[in-house]
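K.L.:
Structure file final_11.cif (mmCIF, C-alpha atoms) right here:
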```cif
data_entry
loop_
_atom_site.group_PDB
_atom_site.id
_atom_site.type_symbol
_atom_site.label_atom_id
_atom_site.label_comp_id
_atom_site.auth_asym_id
_atom_site.auth_seq_id
_atom_site.Cartn_x
_atom_site.Cartn_y
_atom_site.Cartn_z
ATOM 1 C CA MET A 1 -79.850 -244.853 20.353
ATOM 2 C CA ASN A 2 -76.447 -244.024 18.930
ATOM 3 C CA LEU A 3 -75.761 -241.445 21.611
ATOM 4 C CA PHE A 4 -75.499 -240.996 25.359
ATOM 5 C CA SER A 5 -78.099 -238.968 27.247
ATOM 6 C CA PRO A 6 -76.996 -235.890 29.221
ATOM 7 C CA ALA A 7 -77.286 -237.872 32.470
ATOM 8 C CA GLU A 8 -75.126 -240.642 31.001
ATOM 9 C CA ILE A 9 -72.551 -238.091 29.861
ATOM 10 C CA ALA A 10 -72.350 -236.730 33.409
ATOM 11 C CA ARG A 11 -71.834 -240.210 34.857
ATOM 12 C CA ASN A 12 -69.305 -241.148 32.176
ATOM 13 C CA TYR A 13 -67.294 -237.975 32.765
ATOM 14 C CA ILE A 14 -66.617 -238.990 36.353
ATOM 15 C CA ASN A 15 -64.308 -241.781 35.165
ATOM 16 C CA VAL A 16 -62.863 -239.512 32.472
ATOM 17 C CA GLY A 17 -62.025 -236.903 35.104
ATOM 18 C CA LYS A 18 -60.507 -239.436 37.474
ATOM 19 C CA GLY A 19 -58.260 -240.624 34.658
ATOM 20 C CA LYS A 20 -57.140 -237.078 33.904
ATOM 21 C CA VAL A 21 -56.272 -236.311 37.535
ATOM 22 C CA ASN A 22 -54.405 -239.609 38.007
ATOM 23 C CA THR A 23 -52.266 -239.223 34.880
ATOM 24 C CA PRO A 24 -48.530 -239.000 35.771
ATOM 25 C CA ILE A 25 -47.289 -235.410 35.596
ATOM 26 C CA PRO A 26 -44.711 -235.942 32.775
ATOM 27 C CA LYS A 27 -47.358 -237.589 30.598
ATOM 28 C CA MET A 28 -49.927 -234.954 31.574
ATOM 29 C CA LEU A 29 -47.536 -232.168 30.598
ATOM 30 C CA LEU A 30 -46.690 -233.708 27.225
ATOM 31 C CA LEU A 31 -50.366 -234.306 26.442
ATOM 32 C CA ALA A 32 -50.979 -230.653 27.313
ATOM 33 C CA VAL A 33 -48.206 -229.476 24.990
ATOM 34 C CA MET A 34 -49.907 -231.426 22.203
ATOM 35 C CA ALA A 35 -53.265 -229.812 22.966
ATOM 36 C CA GLY A 36 -51.730 -226.330 22.968
ATOM 37 C CA ALA A 37 -50.202 -227.058 19.570
ATOM 38 C CA PHE A 38 -53.494 -228.450 18.212
ATOM 39 C CA ILE A 39 -55.454 -225.363 19.243
ATOM 40 C CA ALA A 40 -52.692 -223.107 17.885
ATOM 41 C CA LEU A 41 -52.698 -224.880 14.526
ATOM 42 C CA GLY A 42 -56.452 -224.435 14.383
ATOM 43 C CA GLY A 43 -55.800 -220.725 14.886
ATOM 44 C CA VAL A 44 -53.153 -220.665 12.156
ATOM 45 C CA GLY A 45 -55.557 -222.277 9.724
ATOM 46 C CA ALA A 46 -58.408 -219.967 10.688
ATOM 47 C CA THR A 47 -56.323 -216.813 10.206
ATOM 48 C CA THR A 48 -54.792 -218.033 6.943
ATOM 49 C CA ALA A 49 -58.236 -218.688 5.478
ATOM 50 C CA ALA A 50 -59.823 -215.507 6.781
ATOM 51 C CA VAL A 51 -57.159 -213.066 5.552
ATOM 52 C CA GLY A 52 -57.538 -214.059 1.905
ATOM 53 C CA VAL A 53 -61.329 -213.607 1.785
ATOM 54 C CA GLN A 54 -63.336 -210.445 1.236
ATOM 55 C CA PRO A 55 -65.472 -208.985 2.649
ATOM 56 C CA ALA A 56 -63.945 -209.384 6.100
ATOM 57 C CA SER A 57 -67.203 -210.689 7.597
ATOM 58 C CA VAL A 58 -67.174 -213.640 5.214
ATOM 59 C CA GLY A 59 -63.514 -214.258 5.972
ATOM 60 C CA LYS A 60 -64.246 -214.300 9.699
ATOM 61 C CA LEU A 61 -67.015 -216.842 9.177
ATOM 62 C CA MET A 62 -64.709 -219.013 7.100
ATOM 63 C CA GLY A 63 -62.040 -218.866 9.786
ATOM 64 C CA ALA A 64 -64.639 -219.791 12.410
ATOM 65 C CA CYS A 65 -65.520 -222.871 10.378
ATOM 66 C CA ILE A 66 -61.879 -223.993 10.295
ATOM 67 C CA PHE A 67 -60.933 -223.351 13.922
ATOM 68 C CA PRO A 68 -62.967 -226.322 15.281
ATOM 69 C CA GLY A 69 -60.330 -228.539 13.689
ATOM 70 C CA GLY A 70 -58.169 -227.704 16.703
ATOM 71 C CA LEU A 71 -60.615 -229.146 19.239
ATOM 72 C CA THR A 72 -61.234 -232.090 16.920
ATOM 73 C CA MET A 73 -57.555 -232.977 17.200
ATOM 74 C CA VAL A 74 -57.610 -232.426 20.963
ATOM 75 C CA LEU A 75 -60.512 -234.805 21.551
ATOM 76 C CA LEU A 76 -59.767 -237.495 18.982
ATOM 77 C CA ALA A 77 -55.971 -237.603 18.884
ATOM 78 C CA GLY A 78 -55.640 -237.597 22.668
ATOM 79 C CA SER A 79 -54.389 -234.596 24.642
ATOM 80 C CA GLU A 80 -55.111 -232.412 27.665
ATOM 81 C CA LEU A 81 -56.735 -228.993 27.251
ATOM 82 C CA PHE A 82 -57.114 -226.623 30.199
ATOM 83 C CA THR A 83 -60.407 -225.128 29.064
ATOM 84 C CA GLY A 84 -62.029 -228.514 28.564
ATOM 85 C CA ASN A 85 -60.622 -229.726 31.870
ATOM 86 C CA CYS A 86 -62.611 -227.049 33.671
ATOM 87 C CA LEU A 87 -65.281 -229.777 33.615
ATOM 88 C CA LEU A 88 -63.308 -231.513 36.370
ATOM 89 C CA THR A 89 -65.679 -229.731 38.725
ATOM 90 C CA VAL A 90 -68.100 -232.581 37.930
ATOM 91 C CA PRO A 91 -66.083 -235.405 39.562
ATOM 92 C CA LEU A 92 -64.936 -232.930 42.244
ATOM 93 C CA LEU A 93 -68.504 -232.240 43.340
ATOM 94 C CA GLU A 94 -69.202 -235.963 43.160
ATOM 95 C CA LYS A 95 -66.294 -236.423 45.610
ATOM 96 C CA GLU A 96 -64.484 -238.749 43.207
ATOM 97 C CA ILE A 97 -61.406 -236.495 42.995
ATOM 98 C CA LYS A 98 -59.805 -234.083 45.434
ATOM 99 C CA LEU A 99 -59.493 -230.327 45.028
ATOM 100 C CA SER A 100 -55.701 -230.695 45.111
ATOM 101 C CA GLY A 101 -55.856 -233.183 42.247
ATOM 102 C CA MET A 102 -57.999 -230.899 40.125
ATOM 103 C CA LEU A 103 -55.768 -227.883 40.766
ATOM 104 C CA LYS A 104 -52.648 -229.936 39.985
ATOM 105 C CA ASN A 105 -54.174 -230.931 36.667
ATOM 106 C CA TRP A 106 -55.179 -227.369 35.843
ATOM 107 C CA VAL A 107 -51.720 -225.960 36.581
ATOM 108 C CA VAL A 108 -49.742 -228.640 34.742
ATOM 109 C CA VAL A 109 -52.076 -228.616 31.744
ATOM 110 C CA TYR A 110 -52.130 -224.810 31.592
ATOM 111 C CA VAL A 111 -48.319 -224.701 31.511
ATOM 112 C CA GLY A 112 -48.204 -227.408 28.851
ATOM 113 C CA ASN A 113 -50.810 -225.641 26.740
ATOM 114 C CA PHE A 114 -48.759 -222.450 26.972
ATOM 115 C CA ILE A 115 -45.623 -224.249 25.787
ATOM 116 C CA GLY A 116 -47.446 -225.815 22.847
ATOM 117 C CA GLY A 117 -49.097 -222.571 21.784
ATOM 118 C CA ILE A 118 -45.906 -220.523 22.033
ATOM 119 C CA LEU A 119 -43.900 -223.114 20.078
ATOM 120 C CA VAL A 120 -46.389 -223.012 17.214
ATOM 121 C CA ALA A 121 -46.482 -219.200 17.361
ATOM 122 C CA ALA A 122 -42.706 -219.026 17.076
ATOM 123 C CA GLY A 123 -42.694 -221.614 14.308
ATOM 124 C CA VAL A 124 -45.182 -219.854 12.035
ATOM 125 C CA VAL A 125 -43.611 -216.413 12.562
ATOM 126 C CA TYR A 126 -39.964 -217.380 12.123
ATOM 127 C CA SER A 127 -40.734 -219.656 9.171
ATOM 128 C CA HIS A 128 -42.361 -216.559 7.597
ATOM 129 C CA GLN A 129 -45.630 -218.430 7.046
ATOM 130 C CA ILE A 130 -47.393 -215.226 8.084
ATOM 131 C CA SER A 131 -45.862 -213.321 5.167
ATOM 132 C CA LEU A 132 -48.709 -214.672 3.021
ATOM 133 C CA PHE A 133 -50.849 -212.207 1.083
ATOM 134 C CA ASP A 134 -48.027 -209.662 0.840
ATOM 135 C CA ASN A 135 -47.646 -209.581 4.660
ATOM 136 C CA GLY A 136 -51.406 -209.272 5.007
ATOM 137 C CA MET A 137 -51.468 -212.227 7.347
ATOM 138 C CA ALA A 138 -48.751 -210.676 9.514
ATOM 139 C CA VAL A 139 -50.841 -207.510 9.811
ATOM 140 C CA SER A 140 -53.864 -209.597 10.790
ATOM 141 C CA VAL A 141 -51.856 -211.532 13.402
ATOM 142 C CA ILE A 142 -50.436 -208.381 14.996
ATOM 143 C CA SER A 143 -53.773 -206.554 14.836
ATOM 144 C CA ALA A 144 -55.626 -209.433 16.519
ATOM 145 C CA ALA A 145 -53.011 -209.678 19.262
ATOM 146 C CA ALA A 146 -53.050 -205.923 19.887
ATOM 147 C CA GLY A 147 -56.838 -205.923 20.072
ATOM 148 C CA LYS A 148 -56.788 -208.675 22.689
ATOM 149 C CA CYS A 149 -54.191 -206.803 24.750
ATOM 150 C CA ALA A 150 -56.326 -203.653 24.673
ATOM 151 C CA LEU A 151 -59.412 -205.229 26.262
ATOM 152 C CA SER A 152 -60.552 -204.013 29.659
ATOM 153 C CA PHE A 153 -60.474 -206.513 32.536
ATOM 154 C CA THR A 154 -64.266 -206.733 32.561
ATOM 155 C CA ASP A 155 -64.577 -207.232 28.805
ATOM 156 C CA ALA A 156 -61.915 -209.953 28.804
ATOM 157 C CA LEU A 157 -63.513 -211.674 31.807
ATOM 158 C CA ILE A 158 -67.028 -211.757 30.355
ATOM 159 C CA ARG A 159 -65.834 -212.846 26.919
ATOM 160 C CA GLY A 160 -63.863 -215.582 28.654
ATOM 161 C CA ILE A 161 -67.022 -216.784 30.420
ATOM 162 C CA PHE A 162 -69.000 -216.959 27.190
ATOM 163 C CA CYS A 163 -66.139 -218.652 25.392
ATOM 164 C CA ASN A 164 -65.599 -221.538 27.763
ATOM 165 C CA PHE A 165 -69.290 -222.011 28.313
ATOM 166 C CA LEU A 166 -69.436 -222.818 24.599
ATOM 167 C CA VAL A 167 -66.199 -224.832 24.583
ATOM 168 C CA CYS A 168 -67.328 -227.044 27.464
ATOM 169 C CA ILE A 169 -70.744 -227.442 25.861
ATOM 170 C CA ALA A 170 -68.892 -228.536 22.702
ATOM 171 C CA VAL A 171 -66.932 -231.106 24.724
ATOM 172 C CA TRP A 172 -70.112 -232.224 26.499
ATOM 173 C CA VAL A 173 -72.013 -232.638 23.211
ATOM 174 C CA SER A 174 -69.100 -234.544 21.640
ATOM 175 C CA PHE A 175 -69.258 -236.980 24.569
ATOM 176 C CA ALA A 176 -72.854 -237.726 23.596
ATOM 177 C CA ALA A 177 -71.714 -239.342 20.343
ATOM 178 C CA LYS A 178 -70.571 -242.929 20.065
ATOM 179 C CA ASP A 179 -68.794 -242.509 16.740
ATOM 180 C CA VAL A 180 -66.131 -240.201 15.320
ATOM 181 C CA ALA A 181 -68.417 -238.403 12.855
ATOM 182 C CA GLY A 182 -70.927 -237.633 15.598
ATOM 183 C CA LYS A 183 -68.227 -236.219 17.865
ATOM 184 C CA ILE A 184 -66.922 -233.898 15.138
ATOM 185 C CA ILE A 185 -70.393 -232.679 14.189
ATOM 186 C CA GLY A 186 -71.327 -232.205 17.840
ATOM 187 C CA LEU A 187 -68.339 -230.039 18.729
ATOM 188 C CA PHE A 188 -68.355 -228.007 15.506
ATOM 189 C CA PHE A 189 -71.164 -225.524 16.013
ATOM 190 C CA PRO A 190 -70.486 -224.343 19.593
ATOM 191 C CA ILE A 191 -66.833 -223.733 18.660
ATOM 192 C CA MET A 192 -67.795 -221.945 15.450
ATOM 193 C CA ILE A 193 -70.139 -219.707 17.454
ATOM 194 C CA PHE A 194 -67.470 -218.693 19.978
ATOM 195 C CA VAL A 195 -64.965 -217.850 17.241
ATOM 196 C CA VAL A 196 -67.314 -215.871 15.029
ATOM 197 C CA CYS A 197 -68.531 -213.931 18.092
ATOM 198 C CA GLY A 198 -64.970 -213.050 19.120
ATOM 199 C CA PHE A 199 -65.065 -214.541 22.608
ATOM 200 C CA GLU A 200 -61.807 -215.092 24.507
ATOM 201 C CA HIS A 201 -60.137 -218.505 24.862
ATOM 202 C CA SER A 202 -57.075 -218.531 27.115
ATOM 203 C CA VAL A 203 -55.275 -221.353 25.286
ATOM 204 C CA ALA A 204 -55.993 -219.939 21.840
ATOM 205 C CA ASN A 205 -54.708 -216.567 23.056
ATOM 206 C CA MET A 206 -51.431 -218.190 24.062
ATOM 207 C CA TYR A 207 -50.916 -218.682 20.333
ATOM 208 C CA TYR A 208 -52.638 -215.567 18.979
ATOM 209 C CA ILE A 209 -50.930 -213.039 21.241
ATOM 210 C CA GLY A 210 -47.654 -214.951 21.271
ATOM 211 C CA ALA A 211 -47.569 -214.883 17.474
ATOM 212 C CA GLY A 212 -48.366 -211.165 17.477
ATOM 213 C CA LEU A 213 -45.514 -210.453 19.873
ATOM 214 C CA PHE A 214 -43.031 -212.477 17.826
ATOM 215 C CA ALA A 215 -44.227 -210.826 14.617
ATOM 216 C CA LYS A 216 -43.905 -207.367 16.167
ATOM 217 C CA GLY A 217 -40.204 -208.106 16.634
ATOM 218 C CA ILE A 218 -39.682 -208.469 12.877
ATOM 219 C CA PRO A 219 -39.266 -204.970 11.373
ATOM 220 C CA GLU A 220 -41.059 -205.619 8.080
ATOM 221 C CA TYR A 221 -44.098 -207.064 9.849
ATOM 222 C CA ALA A 222 -44.141 -204.307 12.469
ATOM 223 C CA GLN A 223 -43.928 -201.641 9.766
ATOM 224 C CA ALA A 224 -46.738 -203.196 7.746
ATOM 225 C CA ALA A 225 -48.930 -203.290 10.868
ATOM 226 C CA ALA A 226 -48.072 -199.686 11.779
ATOM 227 C CA ASP A 227 -48.904 -198.574 8.232
ATOM 228 C CA ALA A 228 -52.274 -200.286 8.648
ATOM 229 C CA GLY A 229 -52.957 -198.236 11.787
ATOM 230 C CA VAL A 230 -52.352 -200.950 14.397
ATOM 231 C CA ASN A 231 -51.396 -199.637 17.853
ATOM 232 C CA LEU A 232 -48.176 -201.539 18.529
ATOM 233 C CA ASP A 233 -47.591 -199.913 21.922
ATOM 234 C CA VAL A 234 -50.330 -201.956 23.590
ATOM 235 C CA LEU A 235 -48.808 -205.236 22.383
ATOM 236 C CA THR A 236 -46.440 -206.188 25.221
ATOM 237 C CA TRP A 237 -45.669 -209.326 27.215
ATOM 238 C CA GLY A 238 -46.988 -207.574 30.317
ATOM 239 C CA ASN A 239 -50.356 -206.882 28.688
ATOM 240 C CA PHE A 240 -50.401 -210.408 27.251
ATOM 241 C CA LEU A 241 -50.051 -212.017 30.670
ATOM 242 C CA GLY A 242 -51.707 -209.423 32.907
ATOM 243 C CA THR A 243 -54.320 -207.633 30.849
ATOM 244 C CA ASN A 244 -55.517 -210.616 28.812
ATOM 245 C CA LEU A 245 -54.581 -214.047 30.160
ATOM 246 C CA ILE A 246 -55.495 -213.437 33.805
ATOM 247 C CA PRO A 247 -59.078 -212.190 33.283
ATOM 248 C CA VAL A 248 -59.687 -214.552 30.362
ATOM 249 C CA THR A 249 -58.504 -217.546 32.380
ATOM 250 C CA ILE A 250 -60.731 -216.584 35.311
ATOM 251 C CA GLY A 251 -63.622 -216.178 32.899
ATOM 252 C CA ASN A 252 -62.903 -219.555 31.305
ATOM 253 C CA ILE A 253 -62.987 -221.244 34.728
ATOM 254 C CA ILE A 254 -66.323 -219.595 35.541
ATOM 255 C CA GLY A 255 -67.838 -220.366 32.148
ATOM 256 C CA GLY A 256 -66.731 -223.985 31.970
ATOM 257 C CA GLY A 257 -66.244 -225.078 35.546
ATOM 258 C CA ILE A 258 -69.261 -223.378 37.095
ATOM 259 C CA CYS A 259 -71.765 -222.570 34.343
ATOM 260 C CA VAL A 260 -71.415 -225.984 32.704
ATOM 261 C CA GLY A 261 -69.723 -228.396 35.120
ATOM 262 C CA CYS A 262 -71.472 -227.357 38.343
ATOM 263 C CA VAL A 263 -74.823 -226.868 36.647
ATOM 264 C CA TYR A 264 -74.835 -230.286 34.991
ATOM 265 C CA TRP A 265 -73.642 -231.958 38.183
ATOM 266 C CA PHE A 266 -76.579 -230.347 39.994
ATOM 267 C CA LEU A 267 -79.023 -231.392 37.281
ATOM 268 C CA TYR A 268 -77.926 -234.976 36.739
ATOM 269 C CA LEU A 269 -75.764 -236.221 39.619
ATOM 270 C CA ARG A 270 -76.779 -234.387 42.798
ATOM 271 C CA LYS A 271 -78.482 -236.714 45.249
ATOM 272 C CA LYS A 272 -81.874 -235.618 46.516
ATOM 273 C CA ASP A 273 -80.673 -235.570 50.112
ATOM 274 C CA GLU A 274 -77.767 -233.215 49.291
ATOM 275 C CA LYS A 275 -78.382 -229.588 50.141
#
```
Can you turn what I pasted into structure tokens?
P.N.:
Amino acid sequence: MNLFSPAEIARNYINVGKGKVNTPIPKMLLLAVMAGAFIALGGVGATTAAVGVQPASVGKLMGACIFPGGLTMVLLAGSELFTGNCLLTVPLLEKEIKLSGMLKNWVVVYVGNFIGGILVAAGVVYSHQISLFDNGMAVSVISAAAGKCALSFTDALIRGIFCNFLVCIAVWVSFAAKDVAGKIIGLFFPIMIFVVCGFEHSVANMYYIGAGLFAKGIPEYAQAAADAGVNLDVLTWGNFLGTNLIPVTIGNIIGGGICVGCVYWFLYLRKKDEK
């Protein structure tokens, strides 16, 4: 067959994970910056498409169909994404990597993803790309960021779990394919589902909220958002990091690392004599 079975994917990911953990830190960081930029550019494309379409529900669906381009670039162009790397729990449980190695990867990749996402956010705002549709895109960017910063801890946590469950399933399914077309098709639908449902992705939020904060600092964009009824007071760096990123990141680790990684290790790799 032109695909790997779930058990084969689990075995194959052990070597993938070992390679990720053993990557030199400078290279790991740069690969992570690339991944952060890829996911951010997927977000830019999704928002640009969605804002110009009415009704809003159709625009959201269109944006959800474009966003998977970000993960496509991550997986096929070569980069390191924190949310996908939550699957490192598989080789960890198989005792092929150490906890310290996994945590090192998570920290370095998370920082790199943040740098990549923030750089793209600054680029699209200060190039005035978000002035499209008579500042309609700027309003959408600020509104989305404010909405994310207004979530309760519990809401952000649970949405983060659902999100990375789907993202890691998308990665897992893409690993089943032996050709490029199969990988793209395999990852598309789980990512589309998480976006259209409005679940929370920590790396994507590094771009989305970062862009909203930068846009808020430009008077014409801030005024347009205020006129549209957006609560600008909730959009702060403190809420970005504390109210959103912390619970969403915890949720992403649970959703990807435990609900996918640990479960599939148990199903396909756990030895019968292990308790």
K.L.:
Please produce, as CSV, a per-residue contact table for region 214-273 of chain A versus region 134-140 of chain A (criterion: any atom at most 12 Å away, all atoms listed in the file considered), showing the nearest atom pair and its distance in Å to one decimal, sorted by chain then residue number.
P.N.:
```
residue,atom,partner,partner_atom,distance
A:Phe214,CA,A:Ala138,CA,10.2
A:Ala215,CA,A:Ala138,CA,6.8
A:Lys216,CA,A:Ala138,CA,8.9
A:Gly217,CA,A:Ala138,CA,11.4
A:Ile218,CA,A:Ala138,CA,9.9
A:Pro219,CA,A:Ala138,CA,11.2
A:Glu220,CA,A:Asn135,CA,8.4
A:Tyr221,CA,A:Ala138,CA,5.9
A:Ala222,CA,A:Val139,CA,7.9
A:Gln223,CA,A:Val139,CA,9.1
A:Ala224,CA,A:Val139,CA,6.3
A:Ala225,CA,A:Val139,CA,4.8
A:Ala226,CA,A:Val139,CA,8.5
A:Asp227,CA,A:Val139,CA,9.3
A:Ala228,CA,A:Val139,CA,7.5
A:Gly229,CA,A:Val139,CA,9.7
A:Val230,CA,A:Val139,CA,8.1
A:Asn231,CA,A:Val139,CA,11.3
A:Leu232,CA,A:Val139,CA,10.9
```
K.L.:
Running the PyMOL selection byres ((chain A and resi 174) around 6) on this model by hand, what would come out? Give it as a PyMOL selection string.
P.N.:
chain A and resi 171-173+175-177+183+186-187
K.L.:
Would you kindly identify which residues have an atom no farther than 12 Å from (-62.4, -237.0, 43.4), using only C-alpha atoms and the file's own coordinates, and write them out as a ChimeraX atom specification?
P.N.:
/A:13-22,88-103
K.L.:
Which residues, written as a PDB file with C-alpha atoms, in the coordinates of the input, have at least one atom at most 9 Å from Thr83 (chain A), with all atoms listed in the file counted and residues fewer than 6 positions away on the same chain left out?
P.N.:
```
ATOM      1  CA  TRP A 106     -55.179-227.369  35.843  1.00  0.00           C
ATOM      2  CA  TYR A 110     -52.130-224.810  31.592  1.00  0.00           C
ATOM      3  CA  ASN A 164     -65.599-221.538  27.763  1.00  0.00           C
ATOM      4  CA  VAL A 167     -66.199-224.832  24.583  1.00  0.00           C
ATOM      5  CA  CYS A 168     -67.328-227.044  27.464  1.00  0.00           C
ATOM      6  CA  HIS A 201     -60.137-218.505  24.862  1.00  0.00           C
ATOM      7  CA  SER A 202     -57.075-218.531  27.115  1.00  0.00           C
ATOM      8  CA  VAL A 203     -55.275-221.353  25.286  1.00  0.00           C
ATOM      9  CA  THR A 249     -58.504-217.546  32.380  1.00  0.00           C
ATOM     10  CA  ASN A 252     -62.903-219.555  31.305  1.00  0.00           C
ATOM     11  CA  ILE A 253     -62.987-221.244  34.728  1.00  0.00           C
ATOM     12  CA  GLY A 256     -66.731-223.985  31.970  1.00  0.00           C
ATOM     13  CA  GLY A 257     -66.244-225.078  35.546  1.00  0.00           C
TER      14      GLY A 257
END
```
K.L.:
For CA of Phe114 (chain A) and CA of Gly36 (chain A), determine how far apart the two atoms are, in Å to one decimal place.
P.N.:
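About the pair CA of Phe114 (chain A) and CA of Gly36 (chain A): they are 6.3 Å apart.
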K.L.:
Given the file shown, enumerate the residues that the PyMOL selection byres ((chain A and resi 59) around 12) captures and present them as a list in words.
P.N.:
Gly45, Ala46, Thr47, Thr48, Ala49, Ala50, Val51, Gly52, Val53, Gln54, Pro55, Ala56, Ser57, Val58, Lys60, Leu61, Met62, Gly63, Ala64, Cys65, Ile66, Ser140, Val195 and Val196 of chain A
K.L.:
Mind giving me the straight-line distance from CA of Ile158 (chain A) to CA of Ile115 (chain A) in Å, one decimal?
P.N.:
25.2 Å
K.L.:
Selected by the PyMOL selection byres ((chain A and resi 161) around 6) in the shown coordinates: which residues, as a ChimeraX atom specification?
P.N.:
/A:158-160,162-164,251-252,254-255
K.L.:
Show which residues sit within 9 Å of Ala121 (chain A), as a PyMOL selection string. Count all atoms listed in the file, and ignore same-chain residues fewer than 6 positions away.
P.N.:
chain A and resi 37+40-41+44+206-212+214
K.L.:
Between A:Val33, A:Ala181, A:Phe38, A:Lys104, which residue has the minimum interatomic distance to Ala77 (chain A), considering only C-alpha atoms?
P.N.:
A:Phe38
K.L.:
Can you list, as a PDB file with C-alpha atoms, keeping the file's coordinate frame, every protein, DNA or RNA residue that comes within 7 Å of region 23-28 of chain A when you count only C-alpha atoms, leaving out same-chain residues fewer than 4 positions away?
P.N.:
```pdb
ATOM      1  CA  GLY A  19     -58.260-240.624  34.658  1.00  0.00           C
ATOM      2  CA  ALA A  32     -50.979-230.653  27.313  1.00  0.00           C
ATOM      3  CA  GLU A  80     -55.111-232.412  27.665  1.00  0.00           C
ATOM      4  CA  VAL A 109     -52.076-228.616  31.744  1.00  0.00           C
TER       5      VAL A 109
END
```
K.L.:
Measuring atom to atom with only C-alpha atoms, identify which of A:Leu151, A:Leu235, A:Ile184, A:Leu157 is nearest to Pro247 (chain A).
P.N.:
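Using only C-alpha atoms, Pro247 (chain A) sits closest to A:Leu157.
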K.L.:
In terms of the shortest atom-to-atom distance over all atoms listed in the file, which of A:Asn85, A:Ser131, A:Ser143, A:Asn113 is closest to Val234 (chain A)?
P.N.:
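Result for the nearest residue to Val234 (chain A): A:Ser143.
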K.L.:
For each of A:Leu71, A:Ile9, A:Ile39, A:Leu245, take the minimum atom-to-atom distance to Ile185 (chain A), counting all atoms listed in the file, then give the residue where this is smallest.
P.N.:
A:Leu71
K.L.:
Build an axis-aligned box that encloses every atom of region 172-183 of chain A listed in the file, pad it by 6 Å on each side, and report its centre and edge lengths in Å to one decimal, as JSON.
P.N.:
```
{"center_x": -69.5, "center_y": -237.6, "center_z": 19.7, "size_x": 18.7, "size_y": 22.7, "size_z": 25.6}
```
